[in-house]
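Undergrad: Have a peek at entry03.cif (mmCIF, C-alpha atoms).
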data_entry
#
loop_
_atom_site.label_atom_id
_atom_site.label_comp_id
_atom_site.auth_asym_id
_atom_site.auth_seq_id
_atom_site.Cartn_x
_atom_site.Cartn_y
_atom_site.Cartn_z
CA MET A 1 -26.35 98.09 140.97
CA ARG A 2 -27.99 95.58 138.67
CA LYS A 3 -27.90 94.32 135.10
CA TRP A 4 -30.04 92.24 132.85
CA ILE A 5 -29.11 88.60 132.37
CA SER A 6 -27.29 87.92 129.09
CA TYR A 7 -26.61 84.64 127.32
CA PRO A 8 -23.16 84.74 125.71
CA HIS A 9 -22.62 82.74 122.56
CA ARG A 10 -20.77 79.44 123.05
CA GLU A 11 -18.86 77.68 120.29
CA GLY A 12 -16.89 74.43 120.28
CA THR A 13 -15.14 73.00 123.33
CA ILE A 14 -15.13 75.45 126.22
CA SER A 15 -15.17 75.80 129.97
CA ARG A 16 -18.41 77.05 131.44
CA GLN A 17 -16.56 79.34 133.86
CA ALA A 18 -13.78 81.72 132.83
CA HIS A 19 -10.37 81.00 134.38
CA ALA A 20 -11.46 77.60 135.73
CA ASP A 21 -12.02 73.96 134.75
CA PHE A 22 -10.28 74.07 131.38
CA PRO A 23 -10.97 71.34 128.81
CA ALA A 24 -8.25 68.70 128.96
CA GLU A 25 -7.40 69.06 125.27
CA ALA A 26 -7.10 72.88 125.36
CA ILE A 27 -5.75 74.11 128.70
CA TYR A 28 -4.60 77.47 127.32
CA GLU A 29 -7.31 80.07 127.82
CA ARG A 30 -7.02 83.57 126.31
CA GLU A 31 -9.24 86.49 127.29
CA VAL A 32 -9.92 89.08 124.62
CA GLY A 33 -11.49 92.08 126.32
CA ARG A 34 -12.33 95.75 125.95
CA SER A 35 -12.17 98.68 128.37
CA GLY A 36 -9.56 97.11 130.64
CA PHE A 37 -11.50 94.10 132.02
CA PHE A 38 -14.71 96.14 132.39
CA GLY A 39 -16.14 95.76 128.89
CA PRO A 40 -17.29 92.88 126.68
CA ALA A 41 -14.96 89.88 126.62
CA THR A 42 -14.53 86.50 124.97
CA HIS A 43 -12.52 83.53 126.24
CA LEU A 44 -10.84 81.33 123.67
CA HIS A 45 -9.29 77.93 124.38
CA HIS A 46 -6.13 77.08 122.46
CA LYS A 47 -4.10 73.94 121.88
CA HIS A 48 -0.84 75.93 122.20
CA PRO A 49 0.27 78.76 124.51
CA PRO A 50 -0.88 82.11 123.06
CA THR A 51 2.61 83.46 123.84
CA GLY A 52 4.45 80.63 122.10
CA TRP A 53 6.02 82.80 119.41
CA SER A 54 9.34 81.77 117.83
CA ALA A 55 10.37 85.18 116.47
CA TRP A 56 9.34 88.83 116.74
CA GLU A 57 10.08 91.78 114.46
CA GLY A 58 9.00 95.40 114.72
CA PRO A 59 8.63 97.95 117.51
CA LEU A 60 5.51 96.51 119.20
CA ARG A 61 6.81 94.04 121.77
CA PRO A 62 6.89 93.33 125.50
CA ARG A 63 9.72 95.24 127.15
CA ALA A 64 11.49 95.12 130.51
CA PHE A 65 13.74 97.79 132.00
CA ASP A 66 16.06 97.71 134.99
CA LEU A 67 15.41 101.10 136.56
CA ASN A 68 18.14 100.38 139.12
CA GLU A 69 20.63 101.19 136.35
CA LEU A 70 19.33 104.69 135.60
CA PRO A 71 21.33 107.70 136.92
CA HIS A 72 21.33 108.06 140.70
CA GLY A 73 21.12 110.98 143.04
CA THR A 74 19.58 113.81 141.03
CA PRO A 75 19.15 116.68 143.52
CA ALA A 76 15.54 117.47 142.71
CA PRO A 77 12.43 115.59 141.48
CA TRP A 78 12.15 117.65 138.31
CA ASP A 79 15.60 116.32 137.27
CA ALA A 80 14.56 112.66 137.67
CA PRO A 81 14.66 110.45 134.55
CA LEU A 82 11.41 110.31 132.60
CA VAL A 83 10.55 106.62 132.18
CA LEU A 84 7.22 106.49 130.30
CA HIS A 85 4.79 109.22 129.39
CA ASN A 86 1.77 110.40 127.43
CA ALA A 87 -0.39 113.52 127.62
CA GLN A 88 -2.14 112.29 130.78
CA CYS A 89 0.51 110.33 132.65
CA LYS A 90 4.23 110.75 133.39
CA LEU A 91 6.37 108.19 135.23
CA ARG A 92 9.73 109.09 136.74
CA ILE A 93 12.11 107.25 139.05
CA TRP A 94 13.86 109.51 141.57
CA ARG A 95 16.63 108.73 144.02
CA CYS A 96 17.24 111.29 146.76
CA ASP A 97 20.09 110.98 149.25
CA LYS A 98 20.08 114.45 150.83
CA ALA A 99 17.52 116.88 152.18
CA MET A 100 15.94 119.01 149.46
CA THR A 101 17.15 122.61 149.61
CA GLN A 102 14.22 123.96 147.58
CA LEU A 103 10.48 123.39 147.65
CA PHE A 104 8.82 121.79 144.64
CA ARG A 105 5.34 122.66 143.34
CA ASN A 106 3.81 120.82 140.38
CA ALA A 107 1.24 123.04 138.67
CA ASP A 108 0.72 120.48 135.88
CA GLY A 109 -1.15 117.87 137.95
CA ASP A 110 -1.29 115.69 141.05
CA ASP A 111 1.77 113.60 141.93
CA LEU A 112 1.66 110.13 143.43
CA LEU A 113 4.92 109.18 145.14
CA PHE A 114 5.46 105.47 145.70
CA ILE A 115 8.37 104.96 148.11
CA HIS A 116 10.33 102.00 146.73
CA ALA A 117 13.16 102.29 149.27
CA GLY A 118 14.17 104.51 152.15
CA SER A 119 12.51 106.51 154.89
CA GLY A 120 12.41 110.08 156.08
CA GLU A 121 10.29 113.16 156.60
CA LEU A 122 8.06 115.08 154.19
CA PHE A 123 7.20 118.74 154.79
CA CYS A 124 4.46 120.42 152.78
CA ASP A 125 1.82 123.15 152.92
CA TYR A 126 -0.29 120.95 155.20
CA GLY A 127 2.38 120.03 157.73
CA HIS A 128 4.80 117.19 158.46
CA LEU A 129 4.48 113.51 157.52
CA SER A 130 6.95 110.67 158.05
CA TYR A 131 7.37 108.14 155.25
CA ARG A 132 8.78 104.64 154.80
CA ASP A 133 9.16 102.03 152.08
CA GLY A 134 5.86 100.95 150.54
CA ASP A 135 4.09 104.26 151.13
CA TYR A 136 1.94 105.94 148.53
CA ILE A 137 1.97 109.70 149.13
CA LEU A 138 -0.66 111.62 147.16
CA VAL A 139 0.43 115.23 146.58
CA PRO A 140 -2.38 117.43 145.20
CA ARG A 141 -1.62 119.77 142.33
CA SER A 142 0.26 122.97 143.27
CA THR A 143 1.22 121.73 146.75
CA SER A 144 4.68 122.90 147.88
CA TRP A 145 6.72 120.07 149.39
CA ARG A 146 10.19 118.78 150.18
CA ILE A 147 11.70 115.69 151.82
CA GLU A 148 14.50 115.06 154.30
CA PRO A 149 15.62 111.44 153.83
CA ALA A 150 16.68 109.53 156.94
CA SER A 151 18.04 106.88 154.55
CA PRO A 152 18.57 107.07 150.76
CA THR A 153 15.13 107.23 149.19
CA THR A 154 13.99 105.89 145.83
CA MET A 155 10.50 106.69 144.63
CA LEU A 156 8.35 106.06 141.59
CA MET A 157 6.69 109.39 140.75
CA ILE A 158 3.44 109.17 138.78
CA GLU A 159 1.99 112.46 137.59
CA THR A 160 -1.60 112.74 136.41
CA SER A 161 -1.12 115.65 134.02
CA ASN A 162 -3.95 118.19 134.13
CA GLY A 163 -5.92 115.77 136.29
CA ALA A 164 -6.51 114.51 139.82
CA TYR A 165 -6.33 111.20 141.69
CA GLN A 166 -9.48 109.67 143.13
CA LEU A 167 -10.41 106.36 144.75
CA PRO A 168 -12.26 103.68 142.76
CA GLU A 169 -15.90 102.81 143.25
CA LYS A 170 -15.95 99.53 145.18
CA GLY A 171 -19.40 98.40 144.15
CA LEU A 172 -20.84 95.28 145.77
CA VAL A 173 -18.06 94.94 148.35
CA GLY A 174 -18.77 98.36 149.86
CA PRO A 175 -16.64 101.44 150.60
CA HIS A 176 -14.56 99.87 153.39
CA ALA A 177 -13.16 96.99 151.32
CA ILE A 178 -9.56 96.87 150.08
CA PHE A 179 -8.73 99.67 152.49
CA ASP A 180 -10.88 101.77 154.75
CA GLU A 181 -10.41 105.49 154.21
CA ALA A 182 -9.79 105.69 157.95
CA VAL A 183 -6.28 104.28 157.32
CA LEU A 184 -5.32 107.35 155.26
CA ASP A 185 -2.85 109.58 157.10
CA VAL A 186 -2.49 113.32 156.56
CA PRO A 187 0.29 115.73 157.58
CA ALA A 188 0.31 117.21 161.08
CA ILE A 189 1.06 120.72 162.32
CA ASP A 190 3.48 119.33 164.91
CA ASP A 191 6.72 120.33 166.62
CA ALA A 192 8.83 119.15 163.70
CA PHE A 193 6.81 121.28 161.29
CA ARG A 194 6.95 124.37 163.49
CA ALA A 195 10.70 123.94 164.01
CA GLN A 196 11.39 124.36 160.28
CA GLN A 197 9.46 127.65 160.03
CA THR A 198 12.56 129.83 159.94
CA GLU A 199 13.18 133.31 158.55
CA ASP A 200 15.83 131.95 156.18
CA GLU A 201 15.50 132.47 152.43
CA TRP A 202 13.70 129.68 150.56
CA GLN A 203 12.88 129.08 146.92
CA VAL A 204 9.86 127.36 145.43
CA VAL A 205 10.43 125.77 142.02
CA ILE A 206 7.15 125.57 140.10
CA LYS A 207 6.63 123.27 137.11
CA ARG A 208 3.97 124.41 134.65
CA ARG A 209 3.64 123.07 131.09
CA GLY A 210 6.99 121.36 131.65
CA ALA A 211 8.84 124.64 132.23
CA LEU A 212 10.34 125.64 135.59
CA SER A 213 9.93 128.95 137.40
CA THR A 214 11.61 129.88 140.69
CA VAL A 215 9.96 132.05 143.35
CA THR A 216 12.15 133.32 146.20
CA TYR A 217 10.83 134.09 149.69
CA PRO A 218 12.78 135.77 152.53
CA TYR A 219 11.31 133.12 154.86
CA ASN A 220 10.13 129.52 154.71
CA PRO A 221 6.66 129.63 153.09
CA LEU A 222 5.73 126.36 154.84
CA ASP A 223 4.53 128.49 157.76
CA ALA A 224 0.91 127.38 158.27
CA ILE A 225 -0.32 127.32 161.88
CA GLY A 226 -3.37 125.19 161.08
CA TRP A 227 -5.83 124.12 158.41
CA HIS A 228 -9.28 122.59 157.93
CA GLY A 229 -10.90 121.05 154.88
CA ASN A 230 -10.97 117.87 152.82
CA LEU A 231 -8.09 118.52 150.39
CA SER A 232 -4.65 117.47 151.59
CA VAL A 233 -1.57 115.38 151.05
CA ALA A 234 -2.49 111.80 152.03
CA ARG A 235 -0.55 108.61 152.73
CA VAL A 236 -1.42 104.91 152.52
CA ASN A 237 1.02 101.98 152.64
CA TRP A 238 0.62 98.77 150.67
CA ARG A 239 0.62 96.99 154.04
CA ASP A 240 -2.73 98.71 154.73
CA ILE A 241 -4.30 97.07 151.66
CA ARG A 242 -6.48 93.99 152.22
CA PRO A 243 -6.80 92.51 148.75
CA LEU A 244 -9.95 91.08 147.27
CA MET A 245 -9.50 87.37 146.60
CA SER A 246 -11.35 84.18 145.81
CA HIS A 247 -10.20 80.64 146.47
CA ARG A 248 -12.11 79.49 143.36
CA TYR A 249 -11.49 82.24 140.76
CA HIS A 250 -8.44 84.25 139.65
CA LEU A 251 -9.56 87.87 139.87
CA PRO A 252 -8.55 90.31 137.10
CA PRO A 253 -6.04 93.10 137.87
CA SER A 254 -8.88 95.63 137.99
CA ALA A 255 -9.97 94.10 141.31
CA HIS A 256 -6.77 95.50 142.81
CA THR A 257 -7.32 99.13 141.70
CA THR A 258 -5.98 101.62 144.27
CA PHE A 259 -6.25 104.99 142.50
CA VAL A 260 -8.13 106.24 139.43
CA ALA A 261 -7.05 109.19 137.27
CA ASP A 262 -8.08 110.62 133.92
CA GLY A 263 -6.93 108.12 131.31
CA PHE A 264 -5.25 105.59 133.61
CA VAL A 265 -5.60 103.55 136.76
CA ILE A 266 -3.09 102.40 139.37
CA CYS A 267 -3.39 98.91 140.88
CA THR A 268 -1.41 97.37 143.73
CA PHE A 269 -0.53 93.68 143.91
CA VAL A 270 0.15 92.62 147.50
CA PRO A 271 0.76 89.26 149.22
CA ARG A 272 -2.27 86.98 149.26
CA PRO A 273 -3.23 83.29 149.31
CA ILE A 274 -3.26 81.69 145.88
CA GLU A 275 -6.46 80.05 144.61
CA SER A 276 -6.92 76.61 146.19
CA ASP A 277 -9.81 75.18 144.17
CA PRO A 278 -8.41 72.31 142.02
CA GLY A 279 -9.93 73.67 138.80
CA ALA A 280 -9.10 77.35 139.31
CA LEU A 281 -6.33 79.09 137.35
CA LYS A 282 -3.51 80.00 139.75
CA VAL A 283 -1.48 82.48 137.70
CA PRO A 284 -2.50 85.58 135.68
CA PHE A 285 -4.45 84.49 132.62
CA TYR A 286 -3.33 84.98 129.02
CA HIS A 287 -5.11 88.04 127.73
CA ASN A 288 -5.38 90.81 125.18
CA ASN A 289 -5.94 94.14 126.93
CA ASP A 290 -6.39 95.89 123.61
CA ASP A 291 -7.49 99.29 124.92
CA TYR A 292 -4.71 99.86 127.50
CA ASP A 293 -0.93 99.88 127.73
CA GLU A 294 0.09 97.86 130.81
CA VAL A 295 3.04 98.75 133.05
CA ILE A 296 4.22 96.93 136.18
CA PHE A 297 6.85 98.24 138.60
CA TYR A 298 8.24 95.47 140.80
CA HIS A 299 8.77 96.55 144.41
CA ALA A 300 9.42 93.45 146.53
CA GLY A 301 9.02 89.68 146.82
CA ASP A 302 9.06 86.75 144.41
CA PHE A 303 7.27 87.62 141.17
CA PHE A 304 5.60 84.28 140.62
CA SER A 305 4.41 84.79 137.01
CA ARG A 306 7.73 86.17 135.67
CA ASP A 307 11.29 84.85 135.31
CA ASN A 308 14.44 86.94 135.87
CA ILE A 309 12.56 89.92 137.32
CA LYS A 310 13.90 91.64 140.44
CA PRO A 311 12.83 94.62 142.58
CA GLY A 312 13.35 97.94 140.83
CA MET A 313 12.55 96.57 137.36
CA LEU A 314 9.62 97.65 135.21
CA THR A 315 7.80 95.77 132.45
CA PHE A 316 5.88 97.45 129.64
CA HIS A 317 3.27 95.60 127.57
CA PRO A 318 1.78 97.94 124.93
CA ALA A 319 -1.75 97.21 123.75
CA GLY A 320 -2.07 94.97 120.73
CA PHE A 321 -0.71 91.51 121.53
CA THR A 322 -1.37 88.57 123.82
CA HIS A 323 0.64 88.28 127.01
CA GLY A 324 0.53 86.24 130.20
CA PRO A 325 2.64 84.06 132.49
CA HIS A 326 6.01 82.71 131.50
CA PRO A 327 6.06 79.02 130.47
CA LYS A 328 7.76 77.77 133.64
CA ALA A 329 5.33 79.70 135.85
CA PHE A 330 2.32 78.33 133.95
CA ALA A 331 3.61 74.75 134.07
CA LYS A 332 4.33 74.94 137.78
CA ALA A 333 0.88 76.40 138.48
CA MET A 334 -0.70 73.43 136.68
CA THR A 335 1.32 70.76 138.54
CA ASP A 336 2.70 72.13 141.82
CA PRO A 337 1.16 75.54 142.57
CA LYS A 338 2.37 77.81 145.34
CA LYS A 339 0.04 78.34 148.29
CA PHE A 340 0.86 82.02 148.77
CA THR A 341 2.34 84.89 146.78
CA ASP A 342 4.56 87.42 148.52
CA GLU A 343 4.99 89.82 145.60
CA VAL A 344 4.39 93.57 145.85
CA ALA A 345 4.05 95.51 142.60
CA VAL A 346 2.50 98.69 141.23
CA MET A 347 0.58 98.43 137.95
CA ILE A 348 -0.38 101.34 135.70
CA ASP A 349 -2.94 100.77 132.93
CA ALA A 350 -2.94 103.70 130.49
CA ARG A 351 -5.74 104.27 127.98
CA ASP A 352 -3.51 106.21 125.54
CA ALA A 353 -0.21 104.89 124.20
CA LEU A 354 2.84 105.51 126.37
CA GLU A 355 6.17 106.67 124.96
CA GLN A 356 9.59 105.75 126.34
CA GLY A 357 11.64 108.45 127.98
CA PRO A 358 15.14 109.36 126.76
CA GLY A 359 17.81 107.01 128.01
CA LEU A 360 15.45 104.14 128.78
CA ALA A 361 16.80 102.01 125.92
CA SER A 362 20.17 101.82 127.71
CA VAL A 363 18.63 99.87 130.61
CA GLU A 364 16.35 97.57 128.58
CA TRP A 365 16.61 93.80 128.94
CA GLN A 366 16.72 92.97 125.24
CA GLY A 367 15.98 89.28 125.81
CA TYR A 368 12.63 89.86 127.49
CA VAL A 369 10.63 89.29 124.30
CA ASP A 370 12.24 85.85 123.98
CA SER A 371 11.51 84.80 127.56
CA TRP A 372 8.18 83.24 126.52
CA LYS A 373 9.72 80.93 123.94
CA PRO A 374 8.87 77.29 124.74
CA LYS A 375 12.52 76.25 124.53
CA GLN A 376 13.14 78.32 127.66
CA ALA A 377 10.36 76.61 129.60
#
Take the structure in the file and give it back as structure tokens.
TA:
Amino acid sequence: MRKWISYPHREGTISRQAHADFPAEAIYEREVGRSGFFGPATHLHHKHPPTGWSAWEGPLRPRAFDLNELPHGTPAPWDAPLVLHNAQCKLRIWRCDKAMTQLFRNADGDDLLFIHAGSGELFCDYGHLSYRDGDYILVPRSTSWRIEPASPTTMLMIETSNGAYQLPEKGLVGPHAIFDEAVLDVPAIDDAFRAQQTEDEWQVVIKRRGALSTVTYPYNPLDAIGWHGNLSVARVNWRDIRPLMSHRYHLPPSAHTTFVADGFVICTFVPRPIESDPGALKVPFYHNNDDYDEVIFYHAGDFFSRDNIKPGMLTFHPAGFTHGPHPKAFAKAMTDPKKFTDEVAVMIDARDALEQGPGLASVEWQGYVDSWKPKQA
């Protein structure tokens, strides 16, 4: 990996290093970038906060939703509320209190299940796997699966429609950074799996092109006695992630990429030390991510760059406007920064515009767009 040296144009009063050592008369830096932090970028220094708007009209705006208020306890994943979606990505929030009585198979794409709350057992074509809060469970396309919750389970379901999940290239830091693939767990053909291989009637509900078909078997089709290969359900917990960090430079969200799909990426924010260098920015920088819609699902901890956000909420920043930390968070980072962040969140950056699912407007925090106003600082 190498690139030719370039000499970016410099104009007016600037800092020589992005996200650090701001000029005293213009401490508000804004990054304008392409291709989701991977393409060309410019950093502008402003006298006022780039999010210091006094009014906002029209449909393009930052939005926040309390997913805790959506309907609870749908019996099957295909009944779960659709939160956001486009042709390549579908987000649902599903709460399951009881053991599934049917198997589910998604023929439209891979599913990534992020366990927000609860614990239990997952049974699938490949065997048996226990789960707990904070797990990502990657379910390959057309895998039959079901869960038996030991405690009520809430999961964020992220479908990559007509696509597959892969791991990101890790470049200069090598393949074992962030998490070693050795921490990935796969299902086992164990006693629990063999015990559920009964001759009772079971149904497999298959989703294809959004429509459901039901296939009935006179036995449990999860009856494998073994398998070999390199395609399987896989599990990794956010606690297994060792984030990239720098004490002198605030890394962009792309440094925290966990999974890559066609048209979107999934990043995981986990607890880490906050930058300690006196001149380094200590909160997310103001930026225009003009090629991607940005979504963050808040799982746990204190969300240090946002006010009035709690676990189970989701924020949605469509491409096309500047966003960044709330005024109080920015001011505190400049005068009395925290030493450590304990937040855990899942971020989805989607290349194509996302649409809201039906019913999402009923759980929207209408005042979110006004939470950047200076008078609330």
Undergrad: From the set A:Leu113, A:Val139, A:Ala18, A:Ala329, which residue has the shortest atom-to-atom contact distance to Asn237 in chain A, counting all atoms listed in the file?
TA: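 Comparing A:Leu113, A:Val139, A:Ala18, A:Ala329 against Asn237 in chain A, the winner is A:Leu113.
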Undergrad: Going by the chain IDs and residue numbers used in this file, which residues fall under the PyMOL selection byres ((chain A and resi 1) around 8)? Write them as a VMD selection string.
TA: chain A and resid 2 to 3 171 to 172
Undergrad: Within 10 Å of (16.2, 104.6, 151.7), in the coordinates the file gives, what residues turn up when you count all atoms listed in the file, written out as a compact mmCIF listing (two decimals) with C-alpha atoms, in the coordinates of the input?
TA:
# COMPACT_ATOMS: atom_id res chain seq x y z
CA ARG A 95 16.63 108.73 144.02
CA CYS A 96 17.24 111.29 146.76
CA ASP A 97 20.09 110.98 149.25
CA ILE A 115 8.37 104.96 148.11
CA HIS A 116 10.33 102.00 146.73
CA ALA A 117 13.16 102.29 149.27
CA GLY A 118 14.17 104.51 152.15
CA SER A 119 12.51 106.51 154.89
CA GLY A 120 12.41 110.08 156.08
CA ARG A 132 8.78 104.64 154.80
CA ASP A 133 9.16 102.03 152.08
CA PRO A 149 15.62 111.44 153.83
CA ALA A 150 16.68 109.53 156.94
CA SER A 151 18.04 106.88 154.55
CA PRO A 152 18.57 107.07 150.76
CA THR A 153 15.13 107.23 149.19
CA THR A 154 13.99 105.89 145.83
CA MET A 155 10.50 106.69 144.63
Undergrad: Near Pro243 in chain A, within 9 Å and counting only C-alpha atoms, which residues show up once chain neighbours fewer than 6 positions away are dropped, as a PyMOL selection string?
TA: chain A and resi 177-179+255-256+268-272
Undergrad: Show which residues sit within 9 Å of Pro23 in chain A, as a VMD selection string. Count all atoms listed in the file, and ignore same-chain residues fewer than 2 positions away.
TA: chain A and resid 13 to 15 21 25 to 28 45
Undergrad: Which centre and which edge lengths, in Å to one decimal, describe the axis-aligned box that holds all listed atoms of range 266-281 of chain A after 6 Å is added on each side, as JSON?
TA:
{"center_x": -4.6, "center_y": 87.4, "center_z": 143.3, "size_x": 22.7, "size_y": 42.1, "size_z": 24.0}
Undergrad: Just need range 206-215 of chain A in a file, please: all heavy atoms, as a compact mmCIF listing (two decimals), in the first residue's frame.
TA:
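part-v5.txt, freshly written:
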# COMPACT_ATOMS: atom_id res chain seq x y z
N ILE A 206 -40.13 -18.84 4.63
CA ILE A 206 -39.09 -18.32 3.75
C ILE A 206 -39.52 -16.97 3.21
O ILE A 206 -40.62 -16.83 2.67
CB ILE A 206 -38.82 -19.29 2.59
CG1 ILE A 206 -38.46 -20.69 3.12
CG2 ILE A 206 -37.70 -18.75 1.69
CD1 ILE A 206 -38.37 -21.75 2.03
N LYS A 207 -38.65 -15.96 3.36
CA LYS A 207 -38.91 -14.64 2.80
C LYS A 207 -38.12 -14.48 1.51
O LYS A 207 -36.90 -14.63 1.50
CB LYS A 207 -38.52 -13.53 3.77
CG LYS A 207 -38.85 -12.12 3.25
CD LYS A 207 -38.65 -11.06 4.31
CE LYS A 207 -37.20 -10.70 4.50
NZ LYS A 207 -36.66 -9.90 3.34
N ARG A 208 -38.80 -14.21 0.42
CA ARG A 208 -38.16 -13.96 -0.87
C ARG A 208 -38.91 -12.85 -1.58
O ARG A 208 -40.14 -12.93 -1.72
CB ARG A 208 -38.16 -15.24 -1.72
CG ARG A 208 -37.60 -15.05 -3.12
CD ARG A 208 -36.15 -14.57 -3.13
NE ARG A 208 -35.62 -14.50 -4.48
CZ ARG A 208 -34.56 -13.78 -4.83
NH1 ARG A 208 -33.93 -13.06 -3.91
NH2 ARG A 208 -34.14 -13.76 -6.07
N ARG A 209 -38.18 -11.79 -1.96
CA ARG A 209 -38.75 -10.60 -2.58
C ARG A 209 -39.86 -10.02 -1.70
O ARG A 209 -40.86 -9.52 -2.16
CB ARG A 209 -39.26 -10.91 -3.99
CG ARG A 209 -38.19 -11.43 -4.93
CD ARG A 209 -38.73 -11.71 -6.32
NE ARG A 209 -39.15 -10.47 -6.99
CZ ARG A 209 -39.77 -10.42 -8.16
NH1 ARG A 209 -40.04 -11.58 -8.79
NH2 ARG A 209 -40.13 -9.27 -8.70
N GLY A 210 -39.66 -10.12 -0.40
CA GLY A 210 -40.59 -9.56 0.57
C GLY A 210 -41.81 -10.39 0.85
O GLY A 210 -42.56 -10.10 1.78
N ALA A 211 -42.05 -11.43 0.06
CA ALA A 211 -43.22 -12.29 0.24
C ALA A 211 -42.82 -13.53 1.05
O ALA A 211 -41.68 -14.00 0.99
CB ALA A 211 -43.80 -12.70 -1.10
N LEU A 212 -43.79 -14.08 1.80
CA LEU A 212 -43.53 -15.21 2.68
C LEU A 212 -44.13 -16.49 2.11
O LEU A 212 -45.27 -16.51 1.62
CB LEU A 212 -44.11 -14.97 4.07
CG LEU A 212 -43.59 -13.73 4.82
CD1 LEU A 212 -44.27 -13.60 6.17
CD2 LEU A 212 -42.07 -13.79 4.98
N SER A 213 -43.35 -17.56 2.16
CA SER A 213 -43.83 -18.90 1.81
C SER A 213 -43.55 -19.82 3.00
O SER A 213 -42.56 -19.64 3.72
CB SER A 213 -43.11 -19.44 0.57
OG SER A 213 -43.31 -18.59 -0.54
N THR A 214 -44.43 -20.80 3.21
CA THR A 214 -44.28 -21.71 4.34
C THR A 214 -44.12 -23.14 3.84
O THR A 214 -44.93 -23.63 3.05
CB THR A 214 -45.50 -21.63 5.27
OG1 THR A 214 -45.65 -20.28 5.73
CG2 THR A 214 -45.33 -22.55 6.47
N VAL A 215 -43.04 -23.79 4.29
CA VAL A 215 -42.75 -25.18 3.93
C VAL A 215 -42.88 -26.02 5.19
O VAL A 215 -42.25 -25.71 6.21
CB VAL A 215 -41.34 -25.31 3.33
CG1 VAL A 215 -41.07 -26.76 2.92
CG2 VAL A 215 -41.16 -24.36 2.14
